[in-house]
Amino acid sequence: MEREVKHFETSAAADEVKSELTATGAINHDEEISLLLSEDGEARRRFLKQALIVGGGLAAAHLLLRYQMTASAQTATARLTAAQMAAGTIPVTLRVNGKTYPLQIESQVTLLDALRERIGLTGSKKGCDRGQCGACTVLADGHRINSCLALAAAYEGAEITTIEGLARGDELHPVQAAFIKHDGFQCGYCTPGQIMSAVGLLKEGCPPGMSVRECMSGNICRCGAYPGIVAAIEEVLGTKS
Amino acid sequence: MNPFTYKRTTDKAEAIREVAGKTDAKFLAGGTNLIDLMKMNVQSPAELVDISRLALKKIEEIPGGLRLGALASNSEVADNKLVRERFPVLSEALLAGASPQLRNMATVGGNLLQRTRCYYFMDPAFPCNKRVPGSGCPAIPGYNRIHAILGTSDKCIATHPSDMCVALAALDAVIRVESPRGARQIPMTDFHRLPGDTPHIDTNLQPDELIVAVDLPSSPLARRSRYLKIRDRAQYAFALVSVAAALDIENGRIKAARLALGGVAHKPWRALEAEQVLTGAPASAQSFAAAAEAAVRGAQPQKHNAFKIELAKRAVVRILDEVANMTTGGAA
């Protein structure tokens, strides 16, 4: 029995899983799969990021059963009808990393939560959730913002770029490469925000008289990797000028 | 955050109509203060009208000055060439505030309307006359290192944390607003209120009024202006004390002066007495020291912030000296 660990970030990949599971006969209930692979990002992430047994129908069924037992303990989540889930929500279409995501979400969902919980792009981090740490930094139409203080609904139509959207295939963005070269991180939690903020800074330019540190004041690092962060950014800025 | 109705429009009149007559509907622009307040359950409007796409973003010359659209971002205003040349104190003040991300999101109108606040206000576990009128002020007997020393009342000692507003106060800015009753103009110095017996009301803007622009009058004064912000760390912190100063100097004598203090009061504090001391006086260290004394006259320290009085005096002297020594490069 082959065992493969898979990591799904996109709806397309999730669809693949769905057809795989149905094809192997491991799962018979299309509806159950739909629930698991639905917009309930929490449910989907939990299921999809576990070890996925490919080609082993029995083991996959056990996995599904285990999930179902947990899910039925959260009756509300497992049993909501589509209509119930839609009540109190509004349609919001987000453009993220060049792709379009039609969502049905509550008004108060922040851009950060929409990215992480609904779309499954967990690269942007929730640090303080109050616009003070910068871990949630993304680009909106090229400008760096704190996605935790942004309502998803208000950013409909904007071109959002997250950390997942920087590299071109295997080719890293120069800022990403510089962070690796200069060891600009320890735990890595602030790093996506640092990198996105630095990319935004590249476009803005650092005003005369202000240092890189000052121009990166919206991003904190509890590990204290600042020397590497600054060195990385200074290298990229130096190249640019 | 509480659930709320979200509406968005690109039509100014529709936005104003949408809010009119309702007690619980608020305009949403950048959201950097409002969304934060809603997350903390300090404010819970039932409806948000997203005005961020109204055509109010332009920064344009007008006869005698510059008009800042209410939706121009803090970054855009700070970086604007005409702002940097003719109103340098405003650019400096904006760059001294918040973080780059917040400056990209925050707007002129939103910066004006951010709440006068302190950490007791921000925490609904505490009583607070600003959040719940009549419930008391825990800052007065509490930890009040960052609180006000001027214009306080026994109801509230919070400060207005904006840097932009201090610069606008020094520049005699005029706020243009519109409502179902038409358009009116509010001088910057009349926009924010002192706490008095009504600390729950921060500004003189009516609930159904929409800020559409801020006008800055050009002058030789405005060109020779600087901002100084003193805080516990180098970046991203509110001012303990800040000063916006503008001087019109001819042959070593001060023809006109503007001085506004931040971090010391419920609103940006125009130091009118200090301005009188400076007007007609030589641009000298003595004049600056006299102005500093006048600027803090009547200051009432709290238990933990008496240092602000001396700090404010020294900041005034320092910034006046810097302004006097500026090269401004040209006529208004």
# chains A, B, ... in the order shown; residues from 1 in each chain; ligands from 1

$ interface_residues --of "chain B" --to "chain A" --cutoff "7 Å" --atoms "only C-alpha atoms" --output "list of chain:residue names"
B:Met1, B:Pro3, B:Phe4, B:Thr5, B:Tyr6, B:Gly31, B:Thr32, B:Ile35, B:Asp36, B:Ser99, B:Pro100, B:Gln101, B:Leu102, B:Asn104, B:Met105, B:Gln235, B:Tyr236

$ write_last_selection --atoms "C-alpha atoms" --output "PDB file, in the first residue's frame"
ATOM      1  CA  MET B   1     -16.175  41.840  15.656  1.00  0.00           C
ATOM      2  CA  PRO B   3     -21.778  41.309  12.406  1.00  0.00           C
ATOM      3  CA  PHE B   4     -22.726  44.392  10.406  1.00  0.00           C
ATOM      4  CA  THR B   5     -24.259  45.384   7.103  1.00  0.00           C
ATOM      5  CA  TYR B   6     -21.616  46.301   4.559  1.00  0.00           C
ATOM      6  CA  GLY B  31     -10.275  51.185   8.469  1.00  0.00           C
ATOM      7  CA  THR B  32      -6.996  51.301  10.378  1.00  0.00           C
ATOM      8  CA  ILE B  35     -11.639  48.050  12.315  1.00  0.00           C
ATOM      9  CA  ASP B  36      -9.221  47.918  15.265  1.00  0.00           C
ATOM     10  CA  SER B  99       4.082  52.248  10.008  1.00  0.00           C
ATOM     11  CA  PRO B 100       4.466  52.130   6.224  1.00  0.00           C
ATOM     12  CA  GLN B 101       1.650  49.595   5.896  1.00  0.00           C
ATOM     13  CA  LEU B 102      -0.717  51.701   7.987  1.00  0.00           C
ATOM     14  CA  ASN B 104      -0.656  53.172   2.838  1.00  0.00           C
ATOM     15  CA  MET B 105      -4.105  52.291   4.172  1.00  0.00           C
ATOM     16  CA  GLN B 235       9.737  54.273  15.230  1.00  0.00           C
ATOM     17  CA  TYR B 236       6.148  53.129  15.398  1.00  0.00           C
TER      18      TYR B 236
END

$ select_by_dssp --residues "stretch 81-321 of chain B" --states "strand (DSSP E)" --output "NGL selection string"
:B and (174-179 or 182-187 or 210-217 or 225-230 or 241-250 or 253-262 or 269-270)

$ write_last_selection --atoms "C-alpha atoms" --output "mmCIF file, in the first residue's frame"
data_model
loop_
_atom_site.group_PDB
_atom_site.id
_atom_site.type_symbol
_atom_site.label_atom_id
_atom_site.label_comp_id
_atom_site.auth_asym_id
_atom_site.auth_seq_id
_atom_site.Cartn_x
_atom_site.Cartn_y
_atom_site.Cartn_z
ATOM 1 C CA VAL B 174 -9.604 74.094 6.897
ATOM 2 C CA ILE B 175 -11.744 70.930 6.802
ATOM 3 C CA ARG B 176 -14.390 70.803 4.073
ATOM 4 C CA VAL B 177 -17.419 68.646 4.870
ATOM 5 C CA GLU B 178 -20.733 67.797 3.198
ATOM 6 C CA SER B 179 -24.063 66.566 4.515
ATOM 7 C CA GLY B 182 -25.045 71.123 2.170
ATOM 8 C CA ALA B 183 -21.370 71.989 2.483
ATOM 9 C CA ARG B 184 -19.513 73.779 5.257
ATOM 10 C CA GLN B 185 -15.963 74.467 6.366
ATOM 11 C CA ILE B 186 -14.522 73.795 9.801
ATOM 12 C CA PRO B 187 -11.220 75.445 10.829
ATOM 13 C CA LEU B 210 -18.649 63.464 5.309
ATOM 14 C CA ILE B 211 -15.174 64.999 5.164
ATOM 15 C CA VAL B 212 -14.399 65.640 1.495
ATOM 16 C CA ALA B 213 -11.155 67.630 1.602
ATOM 17 C CA VAL B 214 -8.638 69.527 3.717
ATOM 18 C CA ASP B 215 -7.408 72.886 2.437
ATOM 19 C CA LEU B 216 -3.926 74.165 3.272
ATOM 20 C CA PRO B 217 -3.284 77.904 2.826
ATOM 21 C CA SER B 225 8.189 74.473 9.110
ATOM 22 C CA ARG B 226 9.345 71.306 10.824
ATOM 23 C CA TYR B 227 8.018 68.528 13.037
ATOM 24 C CA LEU B 228 9.700 66.966 16.056
ATOM 25 C CA LYS B 229 8.368 63.802 17.673
ATOM 26 C CA ILE B 230 9.721 62.403 20.911
ATOM 27 C CA VAL B 241 5.453 64.977 23.162
ATOM 28 C CA SER B 242 5.572 66.348 19.637
ATOM 29 C CA VAL B 243 5.832 69.844 18.200
ATOM 30 C CA ALA B 244 4.959 71.369 14.830
ATOM 31 C CA ALA B 245 6.558 74.773 14.335
ATOM 32 C CA ALA B 246 6.439 77.287 11.511
ATOM 33 C CA LEU B 247 8.200 80.654 11.362
ATOM 34 C CA ASP B 248 8.232 83.530 8.937
ATOM 35 C CA ILE B 249 11.583 85.248 9.538
ATOM 36 C CA GLU B 250 12.866 88.445 7.922
ATOM 37 C CA ARG B 253 13.159 88.920 13.218
ATOM 38 C CA ILE B 254 10.063 86.680 13.494
ATOM 39 C CA LYS B 255 7.211 88.165 11.493
ATOM 40 C CA ALA B 256 4.784 85.372 12.264
ATOM 41 C CA ALA B 257 4.838 82.081 14.146
ATOM 42 C CA ARG B 258 2.750 78.935 14.512
ATOM 43 C CA LEU B 259 3.294 76.375 17.226
ATOM 44 C CA ALA B 260 1.246 73.245 17.900
ATOM 45 C CA LEU B 261 1.882 70.489 20.426
ATOM 46 C CA GLY B 262 0.941 66.812 20.225
ATOM 47 C CA TRP B 269 -2.712 72.028 21.075
ATOM 48 C CA ARG B 270 -2.131 75.384 19.411
#
